[in-house]
$ cat coords_20.txt   # compact mmCIF, C-alpha atoms and all ligand atoms
# COMPACT_ATOMS: atom_id res chain seq x y z
CA MET A 261 -35.26 20.38 9.75
CA ASN A 262 -31.51 20.78 9.94
CA ARG A 263 -29.63 23.80 8.67
CA GLN A 264 -28.30 22.19 5.55
CA VAL A 265 -31.77 21.08 4.39
CA SER A 266 -33.34 24.43 5.23
CA ARG A 267 -31.02 26.18 2.75
CA LEU A 268 -32.33 23.85 0.09
CA THR A 269 -35.96 24.67 0.76
CA ILE A 270 -38.20 27.70 1.00
CA ASP A 271 -41.51 27.96 2.83
CA VAL A 272 -44.77 29.51 1.63
CA ASP A 273 -44.35 32.75 3.58
CA GLU A 274 -40.88 33.35 2.14
CA LEU A 275 -41.95 32.68 -1.45
CA ARG A 276 -45.11 34.74 -0.97
CA ALA A 277 -43.01 37.67 0.26
CA MET A 278 -40.60 37.36 -2.70
CA LEU A 279 -43.48 37.49 -5.17
CA GLU A 280 -45.17 40.35 -3.32
CA GLU A 281 -41.93 42.34 -3.43
CA HIS A 282 -41.55 41.49 -7.14
CA GLN A 283 -38.14 39.96 -6.52
CA SER A 284 -36.56 38.19 -9.45
CA VAL A 285 -37.35 34.47 -9.12
CA THR A 286 -38.28 31.62 -11.46
CA VAL A 287 -41.04 29.49 -9.99
CA LEU A 288 -40.74 26.12 -11.74
CA ASP A 289 -43.79 23.87 -11.53
CA ILE A 290 -42.78 20.29 -12.37
CA ARG A 291 -46.22 18.68 -11.86
CA LYS A 292 -48.18 16.73 -14.45
CA THR A 293 -50.10 18.96 -16.87
CA GLU A 294 -53.48 17.77 -15.53
CA ASP A 295 -52.51 18.64 -11.94
CA ARG A 296 -51.36 22.11 -12.97
CA ALA A 297 -54.66 22.66 -14.80
CA GLU A 298 -56.48 22.51 -11.44
CA TRP A 299 -54.50 25.36 -9.81
CA SER A 300 -51.09 27.01 -10.13
CA ILE A 301 -48.84 29.78 -8.85
CA PRO A 302 -49.28 33.01 -10.85
CA GLY A 303 -46.39 33.63 -13.24
CA SER A 304 -44.88 30.18 -12.75
CA MET A 305 -43.09 28.27 -15.50
CA HIS A 306 -44.19 24.69 -16.22
CA VAL A 307 -42.38 21.58 -17.30
CA ASP A 308 -44.20 18.25 -17.05
CA ALA A 309 -41.25 16.38 -15.50
CA TYR A 310 -42.98 14.70 -12.56
CA GLU A 311 -42.85 11.12 -13.83
CA ALA A 312 -39.28 11.43 -15.12
CA LEU A 313 -38.08 12.93 -11.82
CA LYS A 314 -39.92 10.31 -9.82
CA ALA A 315 -38.36 7.57 -11.96
CA GLY A 316 -34.91 8.97 -11.17
CA ASP A 317 -34.09 10.21 -14.68
CA PRO A 318 -31.01 12.43 -14.09
CA ASP A 319 -31.83 14.41 -17.26
CA ALA A 320 -35.47 15.07 -16.36
CA LEU A 321 -34.96 18.84 -16.61
CA ALA A 322 -31.99 18.91 -18.99
CA ALA A 323 -34.01 19.94 -22.05
CA THR A 324 -35.74 22.82 -20.26
CA ALA A 325 -34.38 26.34 -20.80
CA ILE A 326 -34.47 27.83 -17.30
CA PRO A 327 -32.95 31.29 -16.76
CA MET A 328 -29.64 31.10 -14.87
CA ASP A 329 -29.73 34.71 -13.65
CA ALA A 330 -32.38 34.35 -10.94
CA PRO A 331 -33.07 31.92 -8.10
CA VAL A 332 -35.33 29.00 -8.99
CA VAL A 333 -38.05 27.64 -6.69
CA THR A 334 -39.25 24.17 -7.65
CA ILE A 335 -42.88 23.20 -7.00
CA CYS A 336 -44.81 19.92 -6.91
CA GLY A 337 -47.92 18.73 -5.13
CA ALA A 338 -46.47 18.11 -1.68
CA GLY A 339 -42.77 19.11 -1.83
CA LYS A 340 -41.08 15.73 -2.39
CA VAL A 341 -40.46 15.42 -6.13
CA SER A 342 -39.70 19.16 -6.26
CA PHE A 343 -36.81 18.39 -3.88
CA THR A 344 -35.35 16.02 -6.49
CA ALA A 345 -35.83 18.73 -9.14
CA MET A 346 -33.99 21.21 -6.90
CA GLU A 347 -31.09 18.75 -6.47
CA GLN A 348 -30.77 18.26 -10.23
CA LEU A 349 -30.80 22.02 -10.84
CA ARG A 350 -28.20 22.60 -8.12
CA ALA A 351 -25.98 19.98 -9.78
CA ARG A 352 -26.21 22.11 -12.94
CA GLY A 353 -25.21 25.28 -11.05
CA TYR A 354 -28.59 26.82 -10.33
CA ASP A 355 -29.46 28.64 -7.11
CA ALA A 356 -32.47 26.36 -6.58
CA ARG A 357 -34.74 25.73 -3.62
CA SER A 358 -37.75 23.46 -3.22
CA LEU A 359 -41.09 24.77 -1.88
CA THR A 360 -41.78 22.95 1.38
CA GLY A 361 -45.22 21.33 1.35
CA GLY A 362 -45.75 22.06 -2.36
CA MET A 363 -49.09 23.24 -3.71
CA LYS A 364 -50.90 21.85 -0.66
CA ALA A 365 -49.02 24.30 1.57
CA TRP A 366 -49.36 27.05 -1.07
CA SER A 367 -53.14 26.84 -0.48
CA LEU A 368 -52.64 29.38 2.34
CA ALA A 369 -50.66 31.91 0.26
CA TRP A 370 -52.31 35.28 -0.16
CA ASN A 371 -51.88 38.72 -1.65
CA SER A 372 -53.90 41.89 -1.57
CA ALA A 373 -55.13 44.74 -3.77
CA GLU A 374 -56.73 48.05 -2.87
CA VAL A 375 -60.10 48.84 -4.46
CA THR A 376 -60.72 52.46 -5.46
CA LEU A 377 -64.27 53.55 -4.75
CA PRO A 378 -65.06 57.09 -5.85
CA GLY A 379 -67.78 58.58 -3.64
CA SER A 380 -67.04 56.47 -0.56
CA ALA A 381 -64.81 57.48 2.33
CA ALA A 382 -64.03 53.81 2.96
CA THR A 383 -60.89 52.04 1.82
CA VAL A 384 -61.43 48.46 0.69
CA ILE A 385 -58.60 45.92 0.64
CA GLN A 386 -59.29 42.75 -1.33
CA VAL A 387 -57.42 39.97 0.47
CA ARG A 388 -56.91 37.13 -2.01
CA ARG A 389 -56.12 33.61 -0.91
CA THR A 390 -54.32 33.09 -4.20
CA GLY A 391 -53.51 29.48 -3.33
CA LYS A 392 -57.20 28.58 -3.40
CA GLY A 393 -59.20 31.42 -4.96
CA CYS A 394 -61.06 32.66 -1.86
CA LEU A 395 -61.55 36.44 -1.78
CA SER A 396 -62.11 38.25 1.50
CA TYR A 397 -62.33 41.94 2.26
CA LEU A 398 -61.07 44.43 4.81
CA ILE A 399 -63.08 47.65 4.82
CA GLY A 400 -61.72 50.58 6.82
CA ASP A 401 -62.88 54.08 7.63
CA GLY A 402 -62.30 56.41 10.59
CA GLY A 403 -59.93 54.03 12.38
CA GLN A 404 -62.44 51.16 12.33
CA ALA A 405 -62.58 48.16 10.05
CA ALA A 406 -64.85 45.28 9.05
CA VAL A 407 -63.78 41.98 7.55
CA ILE A 408 -66.04 40.03 5.19
CA ASP A 409 -65.59 36.26 4.67
CA ALA A 410 -62.26 35.78 6.49
CA ALA A 411 -60.56 32.79 4.82
CA LEU A 412 -57.03 33.20 6.20
CA ASP A 413 -55.39 33.21 9.59
CA PRO A 414 -56.61 36.13 11.76
CA ALA A 415 -53.03 37.44 11.89
CA VAL A 416 -53.23 38.36 8.17
CA TYR A 417 -56.23 40.68 8.65
CA ARG A 418 -54.87 42.10 11.91
CA ARG A 419 -51.58 42.95 10.24
CA LEU A 420 -53.24 44.61 7.23
CA ALA A 421 -55.54 46.60 9.54
CA ALA A 422 -52.72 47.62 11.88
CA GLU A 423 -50.64 48.87 8.92
CA ARG A 424 -53.45 51.33 8.20
CA GLY A 425 -54.22 52.24 11.81
CA TRP A 426 -57.57 50.43 11.82
CA LEU A 427 -59.18 48.43 14.61
CA ILE A 428 -61.28 45.48 13.41
CA THR A 429 -64.66 46.00 15.08
CA GLN A 430 -67.00 43.94 12.87
CA VAL A 431 -66.60 40.53 11.26
CA LEU A 432 -69.19 39.37 8.73
CA ASP A 433 -69.81 36.18 6.77
CA THR A 434 -71.94 36.10 3.62
CA HIS A 435 -73.07 32.52 4.27
CA VAL A 436 -72.04 29.16 5.73
CA HIS A 437 -69.16 28.20 3.44
CA ALA A 438 -68.70 24.73 1.91
CA ASP A 439 -65.36 25.01 0.14
CA HIS A 440 -63.10 26.44 2.84
CA LEU A 441 -63.05 26.82 6.60
CA SER A 442 -64.35 30.19 7.70
CA ARG A 443 -61.88 32.01 9.96
CA SER A 444 -64.50 34.63 10.90
CA ARG A 445 -65.34 33.25 14.32
CA LEU A 446 -61.65 32.93 15.18
CA LEU A 447 -60.97 36.48 13.93
CA ALA A 448 -63.84 37.85 16.05
CA GLN A 449 -62.51 35.99 19.09
CA ARG A 450 -58.97 37.27 18.55
CA THR A 451 -59.99 40.90 17.98
CA GLY A 452 -63.04 41.22 20.23
CA ALA A 453 -65.03 42.28 17.15
CA THR A 454 -68.75 41.56 16.80
CA LEU A 455 -69.42 38.46 14.69
CA HIS A 456 -72.31 38.95 12.26
CA VAL A 457 -73.73 35.94 10.42
CA PRO A 458 -76.92 35.81 8.31
CA GLU A 459 -79.88 34.53 10.29
CA GLN A 460 -80.29 30.72 10.01
CA ASP A 461 -80.53 27.75 12.31
CA ARG A 462 -77.49 25.95 10.93
CA VAL A 463 -74.62 27.17 13.10
CA SER A 464 -74.35 26.13 16.72
CA TYR A 465 -72.17 28.99 18.06
CA SER A 466 -73.45 32.40 19.13
CA PHE A 467 -73.46 35.24 16.63
CA ASP A 468 -75.24 38.49 15.89
CA PRO A 469 -77.91 37.55 13.31
CA ILE A 470 -78.15 39.62 10.15
CA HIS A 471 -81.47 40.31 8.47
CA ASP A 472 -82.34 41.92 5.17
CA GLY A 473 -81.90 45.70 5.40
CA ASP A 474 -79.71 45.71 8.51
CA THR A 475 -77.01 48.37 8.46
CA PHE A 476 -73.54 48.60 10.05
CA SER A 477 -71.39 51.68 10.41
CA ILE A 478 -67.63 51.68 9.81
CA GLY A 479 -66.51 55.23 10.55
CA SER A 480 -68.68 57.40 8.29
CA SER A 481 -69.36 54.53 5.87
CA GLN A 482 -72.34 52.26 5.93
CA ILE A 483 -72.78 48.60 5.02
CA THR A 484 -76.31 47.41 4.19
CA ALA A 485 -77.25 43.72 4.21
CA LEU A 486 -79.24 42.34 1.27
CA HIS A 487 -80.66 38.85 1.77
CA THR A 488 -79.90 37.04 -1.50
CA PRO A 489 -80.85 33.36 -1.03
CA GLY A 490 -80.07 30.73 -3.66
CA HIS A 491 -76.48 29.51 -3.30
CA THR A 492 -77.57 28.78 0.27
CA LEU A 493 -80.81 29.85 1.92
CA GLU A 494 -79.07 32.31 4.24
CA SER A 495 -76.74 33.83 1.60
CA THR A 496 -76.48 37.58 2.09
CA SER A 497 -74.74 40.27 0.04
CA TYR A 498 -73.43 43.52 1.50
CA LEU A 499 -73.66 46.95 -0.12
CA LEU A 500 -71.09 49.56 0.93
CA ASP A 501 -72.26 53.18 0.58
CA GLY A 502 -74.20 52.16 -2.56
CA LYS A 503 -70.86 51.87 -4.35
CA ALA A 504 -69.50 48.37 -3.76
CA LEU A 505 -71.39 45.10 -3.57
CA PHE A 506 -69.86 42.13 -1.75
CA THR A 507 -71.68 39.20 -3.32
CA GLY A 508 -70.12 36.19 -1.55
CA ASP A 509 -70.96 33.12 -3.63
CA THR A 510 -74.19 34.57 -5.08
CA LEU A 511 -72.66 36.36 -8.09
CA PHE A 512 -69.15 36.08 -9.53
CA LEU A 513 -67.50 38.02 -12.34
CA THR A 514 -67.95 35.15 -14.80
CA GLY A 515 -70.77 33.10 -13.30
CA VAL A 516 -73.31 32.61 -10.56
CA GLY A 517 -73.34 30.56 -7.34
CA ARG A 518 -74.14 26.87 -7.43
CA PRO A 519 -77.49 26.08 -5.74
CA ASP A 520 -76.99 22.34 -5.13
CA LEU A 521 -74.62 21.83 -2.17
CA GLU A 522 -76.23 20.12 0.84
CA ALA A 523 -79.48 19.97 -1.20
CA SER A 524 -81.64 17.28 -2.84
CA PRO A 525 -82.38 17.75 -6.57
CA GLU A 526 -85.77 19.26 -5.68
CA GLN A 527 -84.20 21.60 -3.14
CA ALA A 528 -81.53 22.60 -5.67
CA ARG A 529 -84.25 23.53 -8.17
CA ALA A 530 -86.07 25.57 -5.52
CA ARG A 531 -82.82 27.30 -4.57
CA ALA A 532 -82.05 28.02 -8.23
CA ARG A 533 -85.43 29.78 -8.43
CA LEU A 534 -84.57 31.86 -5.36
CA LEU A 535 -81.16 32.61 -6.88
CA HIS A 536 -82.76 33.93 -10.07
CA ALA A 537 -84.81 36.41 -8.00
CA SER A 538 -81.77 37.37 -5.88
CA LEU A 539 -79.67 38.01 -8.98
CA ALA A 540 -82.46 40.15 -10.44
CA ARG A 541 -82.37 42.21 -7.25
CA LEU A 542 -78.60 42.67 -7.38
CA THR A 543 -78.45 43.49 -11.08
CA ALA A 544 -81.10 46.19 -10.57
CA LEU A 545 -78.63 48.13 -8.38
CA PRO A 546 -76.79 51.09 -9.99
CA PRO A 547 -74.88 49.75 -13.05
CA GLU A 548 -71.66 51.49 -11.99
CA ALA A 549 -71.58 49.76 -8.57
CA VAL A 550 -68.51 47.52 -8.20
CA ILE A 551 -69.02 43.80 -7.64
CA LEU A 552 -66.53 42.22 -5.24
CA PRO A 553 -67.13 38.44 -5.24
CA GLY A 554 -66.23 35.75 -2.72
CA HIS A 555 -64.20 33.64 -5.15
CA THR A 556 -62.19 33.75 -8.31
CA SER A 557 -61.69 30.83 -10.67
CA GLU A 558 -58.11 31.92 -11.55
CA PRO A 559 -55.19 32.27 -9.10
CA ALA A 560 -54.93 35.96 -8.14
CA PRO A 561 -51.66 37.43 -9.47
CA PHE A 562 -49.33 39.49 -7.29
CA ASP A 563 -50.29 42.58 -9.31
CA ASP A 564 -52.18 44.83 -6.86
CA HIS A 565 -55.16 44.87 -9.25
CA PRO A 566 -58.50 44.10 -7.62
CA ILE A 567 -60.60 41.31 -9.07
CA SER A 568 -63.78 43.27 -9.68
CA ALA A 569 -66.16 44.56 -12.35
CA THR A 570 -69.14 46.88 -12.47
CA ILE A 571 -72.65 45.48 -12.37
CA ALA A 572 -73.08 46.58 -16.01
CA GLY A 573 -69.88 44.73 -16.93
CA VAL A 574 -70.96 41.52 -15.25
CA ILE A 575 -74.43 41.63 -16.83
CA SER A 576 -72.84 41.88 -20.28
CA ARG A 577 -70.38 39.07 -19.49
CA VAL A 578 -72.61 36.51 -17.72
CA GLY A 579 -75.28 35.34 -20.16
CA MET A 580 -77.25 33.50 -17.44
CA LEU A 581 -78.13 36.86 -15.86
CA ARG A 582 -80.19 37.73 -18.92
CA LEU A 583 -82.30 34.55 -18.98
CA SER A 584 -85.96 34.14 -17.99
CA GLU A 585 -86.57 32.17 -14.80
CA GLU A 586 -87.32 28.87 -16.57
CA ALA A 587 -84.39 29.19 -18.98
CA PHE A 588 -82.14 30.09 -16.02
CA LEU A 589 -83.25 26.98 -14.10
CA ASP A 590 -82.54 24.71 -17.07
CA ALA A 591 -79.16 26.35 -17.73
CA ILE A 592 -77.85 26.34 -14.17
CA LEU A 593 -78.99 22.81 -13.31
CA ALA A 594 -77.41 21.46 -16.51
CA ARG A 595 -74.03 23.02 -15.71
CA ILE A 596 -73.44 22.12 -12.05
CA PRO A 597 -69.70 21.37 -11.61
CA PRO A 598 -68.37 18.40 -9.57
CA THR A 599 -68.89 18.86 -5.83
CA PRO A 600 -65.88 20.25 -3.94
CA PRO A 601 -63.86 17.61 -2.07
CA ASN A 602 -64.66 17.26 1.66
CA HIS A 603 -67.55 19.74 1.45
CA ALA A 604 -69.74 17.87 3.94
CA ARG A 605 -66.95 17.85 6.55
CA ILE A 606 -66.11 21.52 5.88
CA VAL A 607 -69.77 22.51 6.25
CA ALA A 608 -69.99 20.54 9.53
CA LEU A 609 -66.94 22.36 10.92
CA ASN A 610 -68.23 25.75 9.74
CA GLU A 611 -71.60 25.04 11.35
CA ALA A 612 -69.81 24.17 14.58
CA GLY A 613 -67.51 27.20 14.22
CA GLU A 614 -64.46 25.00 14.67
CA MET A 615 -61.11 24.51 12.99
CA PRO A 616 -59.82 20.94 12.57
CA ASP A 617 -56.95 19.65 14.67
CA GLY A 618 -53.77 19.91 12.65
CA ASP A 619 -53.28 21.27 9.15
CA PRO A 620 -56.47 22.84 7.70
CA THR A 621 -55.15 22.45 4.14
CA ASP A 622 -55.67 18.69 4.37
CA LEU A 623 -59.41 19.35 4.28
CA GLU A 624 -59.34 22.38 2.01
CA ALA A 625 -57.38 20.69 -0.80
CA GLY A 626 -58.35 21.50 -4.36
CA ALA A 627 -59.58 24.49 -6.27
CA ASN A 628 -62.82 26.13 -5.23
CA ARG A 629 -65.86 24.97 -7.17
CA CYS A 630 -68.56 27.41 -6.13
CA ALA A 631 -69.47 28.88 -9.49
CA VAL A 632 -71.66 27.85 -12.39
CA SER A 633 -70.64 29.64 -15.56
FE FE B 1 -70.22 29.03 -0.82

$ encode --input "coords_20.txt" --output "structure tokens"
Amino acid sequence: MNRQVSRLTIDVDELRAMLEEHQSVTVLDIRKTEDRAEWSIPGSMHVDAYEALKAGDPDALAATAIPMDAPVVTICGAGKVSFTAMEQLRARGYDARSLTGGMKAWSLAWNSAEVTLPGSAATVIQVRRTGKGCLSYLIGDGGQAAVIDAALDPAVYRRLAAERGWLITQVLDTHVHADHLSRSRLLAQRTGATLHVPEQDRVSYSFDPIHDGDTFSIGSSQITALHTPGHTLESTSYLLDGKALFTGDTLFLTGVGRPDLEASPEQARARARLLHASLARLTALPPEAVILPGHTSEPAPFDDHPISATIAGVISRVGMLRLSEEAFLDAILARIPPTPPNHARIVALNEAGEMPDGDPTDLEAGANRCAVS
């Protein structure tokens, strides 16, 4: 890209940093309303101008009241039509730039929030892949750290750990993921940390198998594994000092994990039954324990507020948790959302412990669809 064009564009890391630093910026999403409904950038402004811009209408944005006193970043799906929007705004005197790669590139954007856990010496950082809804966790104590469900480049976790003087010694996955490529194996390779994965015969790389009741020390803090099958057969939740529960895709703040991926209808029903028992086990834990899920259905804002709730809060919010086994089976199987795009290929890569050649966001496109609510 030549110099002139680069001044007209901004990349994901630059925009991410501006939002993290709460710099004044108007993020202008010009996509069709139905595309924006799937996923968006927190705090962005929307004008459905995609078709008009694509058709070359020079007044496509003329009726939109956009503040003049801050830079504008235009957004579309892949960064082409947003370039036209940027040109039109520049012609009207705006300091506008177009996001290179659009929402597809934004898939890798992230932010973080610290979780306060009274009664635990550990510090928990919720690392939110806001461009896709994947939540991962960095847990530090006594100079050591563990990462759960790494969904971003290893450099992100290494940087966050280094800022706090932690060495990543343990990397854990809650299950074999179907909606995004796990970066856990890569993170373990880059850091020399031990890679812990729930016991199963699905993955073909070497790992330290986790069983129900296994414990791991991070400084003076302790993580205990709880086998919670249902979303997948190996799905495992992790309890930190009895205070925080990392539920992966078993339990979310507004729903429960889907039991149907890579399963026949009969297998899905059997998994739903296992899930009901697993959820009963989790919801019997102390009501004040904090649930830290593996996904969120809304883009995480750049607000430093963790996406979490107590067990008591989630029980009152998620009606399915209060159903009998048979009613739960009927409810969950009737509400299965569409399968995530490319899930079979993503599962195959996660089972092989490999990243695809080229841009991972090609495969990971689309919002996560792990929850039934
Ligand atoms: Fe999952």

$ residues_near_ligand --input "coords_20.txt" --ligand "ligand FE 1 (chain B)" --cutoff "6 Å" --atoms "all atoms listed in the file" --output "number ranges by chain"
A: 437-438, 509, 630

$ closest_residue --input "coords_20.txt" --among "A:Ala627, A:Val457, A:Ala528, A:Leu420" --to "Pro559 (chain A)" --atoms "all atoms listed in the file"
A:Ala627

$ closest_residue --input "coords_20.txt" --among "A:Val387, A:Val272, A:Ile470, A:Val416" --to "Arg450 (chain A)" --atoms "all atoms listed in the file"
A:Val416

$ residues_around --input "coords_20.txt" --residues "Ala448 (chain A)" --least-positions-apart "2" --cutoff "9 Å" --atoms "all atoms listed in the file" --output "ChimeraX atom specification"
/A:414,428-431,443-446,450-455

$ closest_residue --input "coords_20.txt" --among "A:Ile408, A:Ala421, A:Val516, A:Ala320" --to "Ile592 (chain A)" --atoms "all atoms listed in the file"
A:Val516

$ closest_residue --input "coords_20.txt" --among "A:Ala591, A:Met328, A:Val463, A:Ala540" --to "Ala612 (chain A)" --atoms "all atoms listed in the file"
A:Val463

$ closest_atom_pairs --input "coords_20.txt" --of "region 568-628 of chain A" --to "region 486-506 of chain A" --cutoff "10 Å" --atoms "only C-alpha atoms" --output "JSON lines"
{"residue": "A:Ser568", "atom": "CA", "partner": "A:Ala504", "partner_atom": "CA", "distance": 9.7}
{"residue": "A:Ala569", "atom": "CA", "partner": "A:Ala504", "partner_atom": "CA", "distance": 10.0}
{"residue": "A:Thr570", "atom": "CA", "partner": "A:Ala504", "partner_atom": "CA", "distance": 8.8}
{"residue": "A:Ile571", "atom": "CA", "partner": "A:Leu505", "partner_atom": "CA", "distance": 8.9}

$ residues_around --input "coords_20.txt" --residues "Val578 (chain A)" --least-positions-apart "2" --cutoff "10 Å" --atoms "all atoms listed in the file" --output "number ranges by chain"
A: 511-516, 573-576, 580-583, 633

$ closest_atom_pairs --input "coords_20.txt" --of "region 326-417 of chain A" --to "region 476-480 of chain A" --cutoff "8 Å" --atoms "all atoms listed in the file" --output "JSON lines"
{"residue": "A:Ala381", "atom": "CA", "partner": "A:Ser480", "partner_atom": "CA", "distance": 7.1}
{"residue": "A:Ala382", "atom": "CA", "partner": "A:Ser480", "partner_atom": "CA", "distance": 7.9}
{"residue": "A:Ile399", "atom": "CA", "partner": "A:Ile478", "partner_atom": "CA", "distance": 7.9}
{"residue": "A:Gly400", "atom": "CA", "partner": "A:Ile478", "partner_atom": "CA", "distance": 6.7}
{"residue": "A:Asp401", "atom": "CA", "partner": "A:Gly479", "partner_atom": "CA", "distance": 4.8}
{"residue": "A:Gly402", "atom": "CA", "partner": "A:Gly479", "partner_atom": "CA", "distance": 4.4}
{"residue": "A:Gly403", "atom": "CA", "partner": "A:Gly479", "partner_atom": "CA", "distance": 6.9}
{"residue": "A:Gln404", "atom": "CA", "partner": "A:Ile478", "partner_atom": "CA", "distance": 5.8}
{"residue": "A:Ala405", "atom": "CA", "partner": "A:Ile478", "partner_atom": "CA", "distance": 6.2}
{"residue": "A:Ala406", "atom": "CA", "partner": "A:Ile478", "partner_atom": "CA", "distance": 7.0}

$ write_last_selection --input "coords_20.txt" --atoms "C-alpha atoms" --output "PDB file, in the frame of the given file"
ATOM      1  CA  ALA A 381     -64.810  57.480   2.330  1.00  0.00           C
ATOM      2  CA  ALA A 382     -64.030  53.810   2.960  1.00  0.00           C
ATOM      3  CA  ILE A 399     -63.080  47.650   4.820  1.00  0.00           C
ATOM      4  CA  GLY A 400     -61.720  50.580   6.820  1.00  0.00           C
ATOM      5  CA  ASP A 401     -62.880  54.080   7.630  1.00  0.00           C
ATOM      6  CA  GLY A 402     -62.300  56.410  10.590  1.00  0.00           C
ATOM      7  CA  GLY A 403     -59.930  54.030  12.380  1.00  0.00           C
ATOM      8  CA  GLN A 404     -62.440  51.160  12.330  1.00  0.00           C
ATOM      9  CA  ALA A 405     -62.580  48.160  10.050  1.00  0.00           C
ATOM     10  CA  ALA A 406     -64.850  45.280   9.050  1.00  0.00           C
TER      11      ALA A 406
END

$ atom_distance --input "coords_20.txt" --atom1 "CA of Thr344 (chain A)" --atom2 "CA of Ser367 (chain A)"
21.7 Å

$ residues_around --input "coords_20.txt" --residues "Ala312 (chain A)" --least-positions-apart "5" --cutoff "10 Å" --atoms "only C-alpha atoms" --output "PyMOL selection string"
chain A and resi 290+317-321+341

$ residues_around --input "coords_20.txt" --residues "Trp299 (chain A)" --least-positions-apart "4" --cutoff "10 Å" --atoms "all atoms listed in the file" --output "ChimeraX atom specification"
/A:294-295,363,367,390-393,557-559,626-628

$ closest_residue --input "coords_20.txt" --among "A:Gly579, A:Pro546, A:Gly316, A:Gly554" --to "Asp439 (chain A)" --atoms "all atoms listed in the file"
A:Gly554

$ closest_residue --input "coords_20.txt" --among "A:Ile385, A:Thr507, A:Asp468, A:Gly362" --to "Arg541 (chain A)" --atoms "only C-alpha atoms"
A:Thr507

$ build_atoms --input "coords_20.txt" --residues "region 517-530 of chain A" --atoms "N, CA and C atoms" --output "PDB file, keeping the file's coordinate frame"
ATOM      1  N   GLY A 517     -73.578  31.573  -8.365  1.00  0.00           N
ATOM      2  CA  GLY A 517     -73.340  30.560  -7.340  1.00  0.00           C
ATOM      3  C   GLY A 517     -74.067  29.261  -7.645  1.00  0.00           C
ATOM      4  N   ARG A 518     -73.475  28.153  -7.233  1.00  0.00           N
ATOM      5  CA  ARG A 518     -74.140  26.870  -7.430  1.00  0.00           C
ATOM      6  C   ARG A 518     -75.218  26.700  -6.358  1.00  0.00           C
ATOM      7  N   PRO A 519     -76.393  26.170  -6.723  1.00  0.00           N
ATOM      8  CA  PRO A 519     -77.490  26.080  -5.740  1.00  0.00           C
ATOM      9  C   PRO A 519     -77.648  24.685  -5.141  1.00  0.00           C
ATOM     10  N   ASP A 520     -76.718  23.761  -5.390  1.00  0.00           N
ATOM     11  CA  ASP A 520     -76.990  22.340  -5.130  1.00  0.00           C
ATOM     12  C   ASP A 520     -76.316  21.754  -3.895  1.00  0.00           C
ATOM     13  N   LEU A 521     -75.366  22.478  -3.259  1.00  0.00           N
ATOM     14  CA  LEU A 521     -74.620  21.830  -2.170  1.00  0.00           C
ATOM     15  C   LEU A 521     -75.523  21.633  -0.955  1.00  0.00           C
ATOM     16  N   GLU A 522     -75.406  20.492  -0.323  1.00  0.00           N
ATOM     17  CA  GLU A 522     -76.230  20.120   0.840  1.00  0.00           C
ATOM     18  C   GLU A 522     -77.717  20.196   0.471  1.00  0.00           C
ATOM     19  N   ALA A 523     -78.077  19.872  -0.772  1.00  0.00           N
ATOM     20  CA  ALA A 523     -79.480  19.970  -1.200  1.00  0.00           C
ATOM     21  C   ALA A 523     -79.846  18.759  -2.045  1.00  0.00           C
ATOM     22  N   SER A 524     -81.126  18.320  -1.934  1.00  0.00           N
ATOM     23  CA  SER A 524     -81.640  17.280  -2.840  1.00  0.00           C
ATOM     24  C   SER A 524     -81.872  17.940  -4.200  1.00  0.00           C
ATOM     25  N   PRO A 525     -82.100  17.139  -5.255  1.00  0.00           N
ATOM     26  CA  PRO A 525     -82.380  17.750  -6.570  1.00  0.00           C
ATOM     27  C   PRO A 525     -83.566  18.712  -6.530  1.00  0.00           C
ATOM     28  N   GLU A 526     -84.601  18.365  -5.773  1.00  0.00           N
ATOM     29  CA  GLU A 526     -85.770  19.260  -5.680  1.00  0.00           C
ATOM     30  C   GLU A 526     -85.394  20.554  -4.958  1.00  0.00           C
ATOM     31  N   GLN A 527     -84.628  20.407  -3.880  1.00  0.00           N
ATOM     32  CA  GLN A 527     -84.200  21.600  -3.140  1.00  0.00           C
ATOM     33  C   GLN A 527     -83.283  22.468  -4.005  1.00  0.00           C
ATOM     34  N   ALA A 528     -82.437  21.829  -4.803  1.00  0.00           N
ATOM     35  CA  ALA A 528     -81.530  22.600  -5.670  1.00  0.00           C
ATOM     36  C   ALA A 528     -82.346  23.413  -6.676  1.00  0.00           C
ATOM     37  N   ARG A 529     -83.409  22.814  -7.203  1.00  0.00           N
ATOM     38  CA  ARG A 529     -84.250  23.530  -8.170  1.00  0.00           C
ATOM     39  C   ARG A 529     -84.945  24.722  -7.481  1.00  0.00           C
ATOM     40  N   ALA A 530     -85.412  24.477  -6.263  1.00  0.00           N
ATOM     41  CA  ALA A 530     -86.070  25.570  -5.520  1.00  0.00           C
ATOM     42  C   ALA A 530     -85.072  26.684  -5.212  1.00  0.00           C
TER      43      ALA A 530
END
